[in-house]
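One file, run_23.tsv, carrying TSV, C-alpha atoms (C1' of nucleotides):
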chain	number	residue	atom	x	y	z
B	1	MET	CA	25.08	154.70	108.86
B	2	PHE	CA	23.09	154.25	112.09
B	3	ARG	CA	25.26	156.55	114.14
B	4	LEU	CA	24.49	159.56	116.29
B	5	THR	CA	25.99	162.71	114.77
B	6	ARG	CA	28.04	165.23	116.68
B	7	ASP	CA	25.13	167.62	116.57
B	8	GLY	CA	23.19	165.09	118.59
B	9	GLU	CA	26.04	164.21	120.90
B	10	TYR	CA	26.87	167.83	121.66
B	11	GLY	CA	23.23	168.71	122.09
B	12	VAL	CA	22.78	165.99	124.66
B	13	ARG	CA	25.86	167.11	126.54
B	14	ALA	CA	24.66	170.70	126.58
B	15	VAL	CA	21.20	169.85	127.82
B	16	LEU	CA	22.68	167.59	130.44
B	17	HIS	CA	24.93	170.41	131.55
B	18	LEU	CA	21.94	172.69	131.97
B	19	SER	CA	19.96	169.95	133.70
B	20	ALA	CA	22.47	169.80	136.51
B	21	ASN	CA	21.22	173.21	137.57
B	22	PRO	CA	17.89	173.53	135.88
B	23	LEU	CA	16.89	177.03	136.90
B	24	ALA	CA	20.18	178.78	136.24
B	25	PHE	CA	21.05	180.62	133.07
B	26	CYS	CA	24.39	179.51	131.80
B	27	GLY	CA	26.58	181.16	129.16
B	28	MET	CA	27.37	179.36	125.97
B	29	ARG	CA	31.08	179.67	126.53
B	30	GLU	CA	30.84	177.90	129.83
B	31	ILE	CA	28.88	175.04	128.36
B	32	ALA	CA	31.26	174.74	125.44
B	33	ARG	CA	34.35	174.65	127.65
B	34	ALA	CA	32.93	172.30	130.23
B	35	GLN	CA	31.66	169.86	127.63
B	36	GLY	CA	34.49	170.09	125.13
B	37	ILE	CA	32.49	171.53	122.28
B	38	PRO	CA	33.69	174.15	119.74
B	39	GLU	CA	31.97	177.38	120.74
B	40	ASN	CA	30.76	178.46	117.35
B	41	TYR	CA	29.48	175.01	116.63
B	42	LEU	CA	27.60	174.85	119.88
B	43	ALA	CA	25.95	178.15	118.99
B	44	LYS	CA	24.12	176.52	116.10
B	45	ILE	CA	23.00	173.63	118.21
B	46	MET	CA	21.72	175.81	121.05
B	47	GLN	CA	19.75	177.87	118.56
B	48	GLN	CA	18.07	174.74	117.35
B	49	LEU	CA	17.29	173.63	120.89
B	50	ALA	CA	15.86	177.09	121.58
B	51	ARG	CA	13.69	176.98	118.46
B	52	ARG	CA	12.33	173.62	119.54
B	53	GLU	CA	11.72	175.12	122.97
B	54	LEU	CA	13.72	172.66	125.00
B	55	VAL	CA	15.81	175.60	126.12
B	56	ARG	CA	15.24	179.29	126.74
B	57	SER	CA	17.78	181.93	125.82
B	58	ARG	CA	18.58	185.37	127.06
B	59	ARG	CA	20.74	187.70	125.03
B	60	GLY	CA	23.01	190.48	126.12
B	61	ALA	CA	25.38	190.81	129.02
B	62	SER	CA	25.14	187.88	131.40
B	63	GLY	CA	22.77	186.18	129.02
B	64	GLY	CA	22.83	182.49	128.27
B	65	TYR	CA	20.62	179.44	128.25
B	66	ALA	CA	18.43	177.61	130.70
B	67	LEU	CA	16.19	174.60	130.43
B	68	ALA	CA	12.73	175.52	129.24
B	69	ARG	CA	11.08	172.72	131.19
B	70	SER	CA	11.80	170.44	134.06
B	71	PRO	CA	14.49	167.81	133.48
B	72	ARG	CA	11.97	165.35	134.88
B	73	HIS	CA	9.99	165.72	131.70
B	74	MET	CA	12.74	165.64	129.15
B	75	THR	CA	14.05	162.40	127.70
B	76	LEU	CA	17.11	161.62	125.67
B	77	ARG	CA	14.91	160.94	122.70
B	78	GLN	CA	13.32	164.36	122.87
B	79	VAL	CA	16.68	166.06	122.87
B	80	ILE	CA	18.00	164.02	119.98
B	81	GLU	CA	14.90	164.39	117.87
B	82	ALA	CA	14.85	168.12	118.51
B	83	ILE	CA	18.24	168.31	116.86
B	84	GLU	CA	18.29	165.58	114.27
B	85	GLY	CA	14.63	165.37	113.46
B	86	PRO	CA	12.44	162.35	114.06
B	87	ILE	CA	14.11	158.96	114.14
B	88	PHE	CA	13.23	156.49	111.39
B	89	LEU	CA	15.40	153.44	110.99
B	90	ASN	CA	14.25	152.95	107.42
B	91	VAL	CA	12.55	155.19	104.88
B	92	CYS	CA	9.71	152.71	104.68
B	93	LEU	CA	8.73	153.72	108.21
B	94	ILE	CA	8.48	157.44	107.58
B	95	LYS	CA	4.99	157.48	106.20
B	96	LYS	CA	2.31	154.85	105.88
B	97	GLY	CA	2.04	153.81	102.26
B	98	GLU	CA	5.36	155.47	101.44
B	99	CYS	CA	6.91	152.27	100.13
B	100	PRO	CA	4.91	150.42	97.47
B	101	ARG	CA	6.16	147.11	98.81
B	102	ASP	CA	4.66	147.57	102.24
B	103	ASP	CA	1.90	145.05	101.78
B	104	ILE	CA	4.27	142.29	100.72
B	105	CYS	CA	7.55	143.26	102.39
B	106	PRO	CA	8.25	141.04	105.41
B	107	VAL	CA	11.12	143.20	106.60
B	108	HIS	CA	8.92	146.15	107.29
B	109	ASP	CA	7.57	144.64	110.49
B	110	VAL	CA	11.01	143.91	111.82
B	111	TRP	CA	12.04	147.50	111.29
B	112	ARG	CA	8.94	148.69	113.02
B	113	THR	CA	9.59	146.68	116.17
B	114	ALA	CA	13.31	147.46	116.10
B	115	GLN	CA	12.53	151.13	115.98
B	116	LYS	CA	10.02	150.84	118.78
B	117	LYS	CA	12.59	149.15	120.98
B	118	LEU	CA	15.18	151.78	120.22
B	119	LEU	CA	12.83	154.64	120.97
B	120	GLN	CA	11.69	152.99	124.17
B	121	ALA	CA	15.27	152.82	125.34
B	122	LEU	CA	15.88	156.48	124.50
B	123	ASP	CA	12.67	157.46	126.27
B	124	SER	CA	13.37	155.37	129.32
B	125	ARG	CA	15.46	157.88	131.22
B	126	THR	CA	14.85	161.55	131.81
B	127	MET	CA	17.50	164.21	132.04
B	128	GLU	CA	16.94	164.21	135.78
B	129	ASP	CA	17.71	160.51	135.91
B	130	LEU	CA	20.84	161.03	133.87
B	131	VAL	CA	22.14	163.81	136.07
B	132	ARG	CA	21.69	161.56	139.06
B	133	ASP	CA	23.41	158.68	137.29
B	134	GLY	CA	26.24	160.99	136.33
B	135	LEU	CA	26.82	162.12	139.89
B	136	LYS	CA	26.84	158.54	141.05
B	137	LYS	CA	29.35	157.53	138.39
B	138	ALA	CA	31.51	160.54	139.11
B	139	ARG	CA	31.58	159.69	142.79
B	140	ARG	CA	32.55	156.16	141.97
B	141	ALA	CA	35.28	157.35	139.64
B	142	GLY	CA	36.49	159.85	142.25
B	143	LYS	CA	36.19	162.66	139.79
B	144	LYS	CA	34.20	165.82	139.43
B	145	LEU	CA	31.52	166.23	136.80
B	146	ASN	CA	33.20	168.89	134.71
B	147	GLY	CA	32.44	171.68	137.09
B	148	ALA	CA	28.73	171.27	136.66
B	149	ASP	CA	28.35	171.22	140.41
B	150	THR	CA	30.40	174.33	141.02
B	151	ARG	CA	28.28	176.69	138.98
B	152	GLN	CA	26.54	179.64	140.52
B	153	PRO	CA	22.95	180.26	139.54
B	154	ARG	CA	22.66	183.69	138.01
B	155	GLU	CA	18.97	184.09	138.28
B	156	ALA	CA	16.17	181.73	138.96
B	157	GLY	CA	13.07	181.47	136.80
P	1	MET	CA	21.30	160.10	110.83
P	2	PHE	CA	20.10	156.73	112.14
P	3	ARG	CA	18.80	155.52	108.83
P	4	LEU	CA	19.47	152.38	106.81
P	5	THR	CA	21.27	153.23	103.56
P	6	ARG	CA	20.26	151.97	100.15
P	7	ASP	CA	23.22	149.65	100.18
P	8	GLY	CA	21.68	147.94	103.16
P	9	GLU	CA	18.15	148.02	101.86
P	10	TYR	CA	19.13	146.60	98.48
P	11	GLY	CA	21.36	144.00	100.05
P	12	VAL	CA	18.53	142.76	102.22
P	13	ARG	CA	16.20	142.57	99.25
P	14	ALA	CA	18.75	140.62	97.24
P	15	VAL	CA	19.45	138.12	99.98
P	16	LEU	CA	15.75	137.71	100.57
P	17	HIS	CA	15.27	137.06	96.87
P	18	LEU	CA	17.88	134.33	96.98
P	19	SER	CA	16.45	132.93	100.19
P	20	ALA	CA	13.17	132.16	98.47
P	21	ASN	CA	14.99	129.46	96.56
P	22	PRO	CA	18.13	128.85	98.55
P	23	LEU	CA	19.86	126.28	96.38
P	24	ALA	CA	19.35	127.93	93.01
P	25	PHE	CA	21.87	130.18	91.32
P	26	CYS	CA	20.21	133.31	90.18
P	27	GLY	CA	21.54	135.91	87.74
P	28	MET	CA	22.17	139.41	88.91
P	29	ARG	CA	19.93	140.90	86.26
P	30	GLU	CA	17.02	138.87	87.49
P	31	ILE	CA	17.54	139.95	91.07
P	32	ALA	CA	17.92	143.56	90.04
P	33	ARG	CA	14.74	143.59	87.98
P	34	ALA	CA	12.65	141.67	90.47
P	35	GLN	CA	13.73	143.86	93.37
P	36	GLY	CA	13.85	147.19	91.60
P	37	ILE	CA	17.57	147.82	92.01
P	38	PRO	CA	19.90	149.48	89.46
P	39	GLU	CA	21.94	146.65	87.97
P	40	ASN	CA	25.36	148.21	88.23
P	41	TYR	CA	24.69	149.28	91.75
P	42	LEU	CA	23.57	145.83	92.76
P	43	ALA	CA	26.81	144.46	91.35
P	44	LYS	CA	28.82	146.26	94.00
P	45	ILE	CA	26.54	145.08	96.75
P	46	MET	CA	26.61	141.44	95.63
P	47	GLN	CA	30.40	141.55	95.50
P	48	GLN	CA	30.44	142.71	99.10
P	49	LEU	CA	28.03	139.97	100.11
P	50	ALA	CA	30.23	137.46	98.30
P	51	ARG	CA	33.38	138.73	100.04
P	52	ARG	CA	31.67	138.37	103.38
P	53	GLU	CA	30.61	134.90	102.31
P	54	LEU	CA	26.90	135.30	102.77
P	55	VAL	CA	26.57	134.49	99.11
P	56	ARG	CA	28.42	132.38	96.55
P	57	SER	CA	29.00	133.48	92.99
P	58	ARG	CA	29.56	131.70	89.72
P	59	ARG	CA	30.90	133.55	86.72
P	60	GLY	CA	30.42	132.95	83.07
P	61	ALA	CA	27.40	131.93	81.07
P	62	SER	CA	24.47	131.02	83.29
P	63	GLY	CA	26.41	132.22	86.29
P	64	GLY	CA	24.89	134.12	89.17
P	65	TYR	CA	24.54	134.05	92.91
P	66	ALA	CA	23.24	131.66	95.50
P	67	LEU	CA	23.08	131.74	99.26
P	68	ALA	CA	26.26	130.47	100.84
P	69	ARG	CA	24.48	129.10	103.90
P	70	SER	CA	21.04	128.12	104.94
P	71	PRO	CA	18.52	130.93	105.31
P	72	ARG	CA	17.73	129.38	108.67
P	73	HIS	CA	21.07	130.63	109.91
P	74	MET	CA	21.11	134.09	108.45
P	75	THR	CA	19.58	137.05	110.25
P	76	LEU	CA	18.74	140.53	109.08
P	77	ARG	CA	21.50	141.87	111.25
P	78	GLN	CA	24.10	139.67	109.61
P	79	VAL	CA	23.11	140.88	106.17
P	80	ILE	CA	23.13	144.52	107.15
P	81	GLU	CA	26.41	144.35	109.00
P	82	ALA	CA	28.01	142.51	106.11
P	83	ILE	CA	27.26	145.51	103.95
P	84	GLU	CA	27.42	148.50	106.25
P	85	GLY	CA	29.88	147.25	108.80
P	86	PRO	CA	29.12	146.69	112.47
P	87	ILE	CA	26.34	148.74	114.01
P	88	PHE	CA	27.25	151.26	116.70
P	89	LEU	CA	24.67	153.80	117.71
P	90	ASN	CA	27.32	156.09	119.10
P	91	VAL	CA	31.07	156.35	118.68
P	92	CYS	CA	31.47	155.87	122.40
P	93	LEU	CA	30.32	152.28	121.95
P	94	ILE	CA	32.83	151.32	119.29
P	95	LYS	CA	35.66	150.49	121.59
P	96	LYS	CA	35.96	150.25	125.33
P	97	GLY	CA	37.83	153.26	126.63
P	98	GLU	CA	37.42	155.07	123.32
P	99	CYS	CA	35.67	158.04	124.90
P	100	PRO	CA	37.50	159.67	127.82
P	101	ARG	CA	34.16	160.48	129.45
P	102	ASP	CA	33.10	156.87	129.75
P	103	ASP	CA	33.58	156.65	133.48
P	104	ILE	CA	31.46	159.70	134.19
P	105	CYS	CA	29.09	159.85	131.24
P	106	PRO	CA	25.62	158.68	132.25
P	107	VAL	CA	24.39	158.52	128.67
P	108	HIS	CA	26.76	155.78	127.73
P	109	ASP	CA	24.69	153.12	129.47
P	110	VAL	CA	21.52	154.20	127.75
P	111	TRP	CA	23.20	153.87	124.38
P	112	ARG	CA	24.46	150.47	125.29
P	113	THR	CA	21.04	149.11	126.15
P	114	ALA	CA	19.42	150.87	123.19
P	115	GLN	CA	21.90	149.24	120.89
P	116	LYS	CA	21.36	145.86	122.46
P	117	LYS	CA	17.63	146.14	121.94
P	118	LEU	CA	18.06	147.18	118.34
P	119	LEU	CA	20.42	144.33	117.56
P	120	GLN	CA	18.15	141.85	119.28
P	121	ALA	CA	15.32	142.91	117.04
P	122	LEU	CA	17.45	142.59	113.92
P	123	ASP	CA	18.65	139.18	115.05
P	124	SER	CA	15.20	137.95	115.95
P	125	ARG	CA	14.16	136.72	112.53
P	126	THR	CA	16.06	134.63	110.04
P	127	MET	CA	15.85	134.91	106.29
P	128	GLU	CA	13.78	131.76	106.34
P	129	ASP	CA	11.30	133.39	108.69
P	130	LEU	CA	11.12	136.42	106.49
P	131	VAL	CA	10.47	134.46	103.34
P	132	ARG	CA	7.62	132.71	105.10
P	133	ASP	CA	6.26	136.02	106.37
P	134	GLY	CA	6.50	137.44	102.89
P	135	LEU	CA	4.53	134.61	101.33
P	136	LYS	CA	1.87	135.01	103.96
P	137	LYS	CA	1.62	138.73	103.40
P	138	ALA	CA	1.56	138.27	99.65
P	139	ARG	CA	-1.25	135.77	99.94
P	140	ARG	CA	-3.18	138.17	102.08
P	141	ALA	CA	-2.56	140.99	99.63
P	142	GLY	CA	-3.53	138.75	96.71
P	143	LYS	CA	-0.25	139.43	95.00
P	144	LYS	CA	2.74	137.43	93.93
P	145	LEU	CA	6.13	137.87	95.52
P	146	ASN	CA	7.95	139.36	92.55
P	147	GLY	CA	8.26	136.14	90.65
P	148	ALA	CA	10.50	134.70	93.31
P	149	ASP	CA	8.29	131.65	93.47
P	150	THR	CA	8.30	131.05	89.73
P	151	ARG	CA	12.05	130.66	89.36
P	152	GLN	CA	13.60	127.45	88.16
P	153	PRO	CA	16.61	126.13	90.04
P	154	ARG	CA	19.53	125.96	87.65
P	155	GLU	CA	21.68	123.69	89.65
P	156	ALA	CA	21.60	122.52	93.18
P	157	GLY	CA	24.56	122.70	95.50
S	1	DG	C1'	39.55	126.78	70.33
S	2	DA	C1'	36.49	130.73	69.58
S	3	DC	C1'	32.47	133.00	71.22
S	4	DT	C1'	29.44	134.78	74.42
S	5	DA	C1'	27.35	135.61	78.80
S	6	DT	C1'	28.30	136.78	83.16
S	7	DT	C1'	30.70	138.18	87.53
S	8	DC	C1'	34.97	140.77	89.48
S	9	DG	C1'	37.32	144.76	90.55
S	10	DG	C1'	38.21	149.27	90.60
S	11	DA	C1'	37.99	154.09	88.93
S	12	DC	C1'	35.01	157.77	88.45
S	13	DT	C1'	31.01	161.11	89.31
S	14	DT	C1'	27.47	163.76	91.60
S	15	DA	C1'	24.76	165.06	95.40
S	16	DA	C1'	23.90	165.21	100.16
S	17	DT	C1'	25.36	165.27	104.76
S	18	DT	C1'	28.61	166.26	108.47
S	19	DA	C1'	31.37	169.13	111.02
S	20	DG	C1'	32.78	173.01	111.46
S	21	DT	C1'	34.15	178.51	110.93
S	22	DC	C1'	33.23	183.36	110.54
S	23	DC	C1'	30.82	187.62	110.42
S	24	DT	C1'	27.01	190.86	111.05
S	25	DT	C1'	22.88	192.13	113.56
S	26	DA	C1'	19.89	192.28	117.56
S	27	DT	C1'	19.35	192.45	122.42
S	28	DT	C1'	20.25	193.25	127.27
S	29	DA	C1'	22.63	194.38	131.86
S	30	DT	C1'	25.40	197.82	133.71
Y	1	DA	C1'	26.55	204.62	125.65
Y	2	DT	C1'	29.07	200.45	126.16
Y	3	DA	C1'	30.28	195.90	126.55
Y	4	DA	C1'	28.82	191.30	126.53
Y	5	DT	C1'	26.17	187.96	124.59
Y	6	DA	C1'	22.87	185.21	121.59
Y	7	DA	C1'	20.59	185.06	116.69
Y	8	DG	C1'	21.07	184.21	112.09
Y	9	DG	C1'	23.08	183.17	107.99
Y	10	DA	C1'	26.85	182.55	104.63
Y	11	DC	C1'	30.74	179.93	103.74
Y	12	DT	C1'	34.13	175.82	103.59
Y	13	DA	C1'	36.23	171.19	103.72
Y	14	DA	C1'	35.83	166.42	104.43
Y	15	DT	C1'	33.18	162.44	104.32
Y	16	DT	C1'	29.48	159.50	102.97
Y	17	DA	C1'	25.77	158.02	99.80
Y	18	DA	C1'	24.23	156.63	95.58
Y	19	DG	C1'	25.21	155.48	91.42
Y	20	DT	C1'	27.75	154.81	86.65
Y	21	DC	C1'	31.17	152.82	83.62
Y	22	DC	C1'	34.60	149.89	81.83
Y	23	DG	C1'	38.18	146.41	81.19
Y	24	DA	C1'	39.64	141.87	82.91
Y	25	DA	C1'	38.63	137.20	84.39
Y	26	DT	C1'	35.90	133.08	84.01
Y	27	DA	C1'	32.76	129.53	82.62
Y	28	DG	C1'	29.44	127.35	79.58
Y	29	DT	C1'	28.42	126.42	74.53
Y	30	DC	C1'	29.11	125.86	69.52
Full structure transcribed into structure tokens:
Amino acid sequence: MFRLTRDGEYGVRAVLHLSANPLAFCGMREIARAQGIPENYLAKIMQQLARRELVRSRRGASGGYALARSPRHMTLRQVIEAIEGPIFLNVCLIKKGECPRDDICPVHDVWRTAQKKLLQALDSRTMEDLVRDGLKKARRAGKKLNGADTRQPREAG
Amino acid sequence: MFRLTRDGEYGVRAVLHLSANPLAFCGMREIARAQGIPENYLAKIMQQLARRELVRSRRGASGGYALARSPRHMTLRQVIEAIEGPIFLNVCLIKKGECPRDDICPVHDVWRTAQKKLLQALDSRTMEDLVRDGLKKARRAGKKLNGADTRQPREAG
DNA sequence: GACTATTCGGACTTAATTAGTCCTTATTAT
DNA sequence: ATAATAAGGACTAATTAAGTCCGAATAGTC
């Protein structure tokens, strides 16, 4: 019903957490705790993000996750679509000629522009932007950003 | 997952069908057949539309449904929200202060503008507009608009 | 007034999706 | 070797989606 799922929400939080310190590997437990996500649940989501190559993983002792590319080149939309699959506001938009009413249905065009607007908004800010926004908001609220700024990089690269 | 449900899709089709001939009462069976909707399913949807007063009903022989207000003053958004409830792209938008992260979460603002854009698009065209668009498209496609233009008004008002 | 067509209202069903949990295997630093 | 950690998949419970069915209410017609 037009609502972001928890998969998406948690995924965004996790990527944002990593974006605050883009080169550092960060354990799943830390992400889960800092972002208020059930650990085992987050595991599934991180796997998906790794498969879609938004994130790199390292197993074993002191393993964890790091961003696979620069937060300058990662938008909210990319994160969400990596997890939930491509966004289509209506089935009739999924594939050209999918819906037999396309050539007479006047609503189709409205959906198309609505979707375009939505995607534009989700593409309009990169993870880098959002980290910056978050720091600004946190400063204004006189709070800390869930320890994201206290983390120690384990290894760069 | 960000997709219009069949309830919404069918509801829009039904209202659009009625909008083609705004003063006429039209039987449910006719709407269902013309728009390719299971009759019993449509019944539920029409009841909802009637409860929300987008549509008036008349029972008994030669009963049916008619628009409750002018198609000039009914937008796609109104129809969809009547059926699916208000649109919120993320839970954090449902109520101010709902999400405890609001004051530090940088994503919140993106959702807010994305939602605004989406709603603007869905509000941008009235049912009247859409009927006109449909006729134009149908003409171009050399087809008829599902018999909607051949109906006889049963009773005005 | 009886009959018939039609909507109203709700109960019911089935399948898919959402939101997790849990356990075993593979990998890696020490 | 060992301990820590991610990968992968099986499993569950709750909710939503998509429909079906049926009896009661209502309105036009004979």
Could you give me, as JSON lines, every chain S residue with an atom at most 6 Å from chain B, plus its closest atom pair and distance in Å to one decimal, counting all atoms listed in the file, rows ordered by chain then number?
{"residue": "S:DT27", "atom": "C1'", "partner": "B:Gly60", "partner_atom": "CA", "distance": 5.6}
{"residue": "S:DT28", "atom": "C1'", "partner": "B:Gly60", "partner_atom": "CA", "distance": 4.1}
{"residue": "S:DA29", "atom": "C1'", "partner": "B:Ala61", "partner_atom": "CA", "distance": 5.3}
Writing out the chosen residues with C-alpha atoms (C1' of nucleotides) as a compact mmCIF listing (two decimals), keeping the file's coordinate frame:
# COMPACT_ATOMS: atom_id res chain seq x y z
C1' DT S 27 19.35 192.45 122.42
C1' DT S 28 20.25 193.25 127.27
C1' DA S 29 22.63 194.38 131.86
For DT16 in chain Y, list every protein, DNA or RNA residue within 9 Å, evaluated using all atoms listed in the file, and leave out those in the same chain fewer than 5 positions away; present the list as a PDB file with C-alpha atoms (C1' of nucleotides), in the coordinates of the input.
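The resulting file, result-v4.pdb, is shown below:
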ATOM      1  CA  MET B   1      25.080 154.700 108.860  1.00  0.00           C
TER       2      MET B   1
ATOM      3  C1'  DA S  16      23.900 165.210 100.160  1.00  0.00           C
ATOM      4  C1'  DT S  17      25.360 165.270 104.760  1.00  0.00           C
ATOM      5  C1'  DT S  18      28.610 166.260 108.470  1.00  0.00           C
TER       6       DT S  18
END
Tell me, counting only C-alpha atoms, for each residue of chain P within 6 Å of chain B, which pair of atoms is nearest and how far apart they are in Å to one decimal, in rows ordered by chain and increasing number, as JSON lines.
{"residue": "P:Phe2", "atom": "CA", "partner": "B:Phe2", "partner_atom": "CA", "distance": 3.9}
{"residue": "P:Arg3", "atom": "CA", "partner": "B:Leu89", "partner_atom": "CA", "distance": 4.5}
{"residue": "P:Leu4", "atom": "CA", "partner": "B:Asn90", "partner_atom": "CA", "distance": 5.3}
{"residue": "P:Leu89", "atom": "CA", "partner": "B:Arg3", "partner_atom": "CA", "distance": 4.5}
{"residue": "P:Asn90", "atom": "CA", "partner": "B:Leu4", "partner_atom": "CA", "distance": 5.3}
{"residue": "P:Ile104", "atom": "CA", "partner": "B:Ala138", "partner_atom": "CA", "distance": 5.0}
{"residue": "P:Cys105", "atom": "CA", "partner": "B:Gly134", "partner_atom": "CA", "distance": 5.9}
{"residue": "P:Pro106", "atom": "CA", "partner": "B:Gly134", "partner_atom": "CA", "distance": 4.7}
{"residue": "P:Ala114", "atom": "CA", "partner": "B:Ala121", "partner_atom": "CA", "distance": 5.1}
{"residue": "P:Lys117", "atom": "CA", "partner": "B:Lys117", "partner_atom": "CA", "distance": 5.9}
{"residue": "P:Leu118", "atom": "CA", "partner": "B:Ala114", "partner_atom": "CA", "distance": 5.3}
{"residue": "P:Ala121", "atom": "CA", "partner": "B:Ala114", "partner_atom": "CA", "distance": 5.1}
{"residue": "P:Leu130", "atom": "CA", "partner": "B:Pro106", "partner_atom": "CA", "distance": 5.5}
{"residue": "P:Asp133", "atom": "CA", "partner": "B:Pro106", "partner_atom": "CA", "distance": 5.5}
{"residue": "P:Gly134", "atom": "CA", "partner": "B:Pro106", "partner_atom": "CA", "distance": 4.7}
{"residue": "P:Lys137", "atom": "CA", "partner": "B:Ile104", "partner_atom": "CA", "distance": 5.2}
{"residue": "P:Ala138", "atom": "CA", "partner": "B:Ile104", "partner_atom": "CA", "distance": 5.0}
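Using all atoms listed in the file, the smallest distance between any of P:Ile83, P:Lys44, P:Ala50, P:Met74 and chain Y comes from P:Lys44.
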Compile the contact shell of Ala14 in chain B as an MDAnalysis selection string: residues with an atom at most 9 Å away, counting all atoms listed in the file, same-chain residues fewer than 5 positions apart removed.
chainID B and resid 9 19 31:32 35 37 42 46
CA of His73 in chain P to CA of Ala24 in chain P measures 17.2 Å
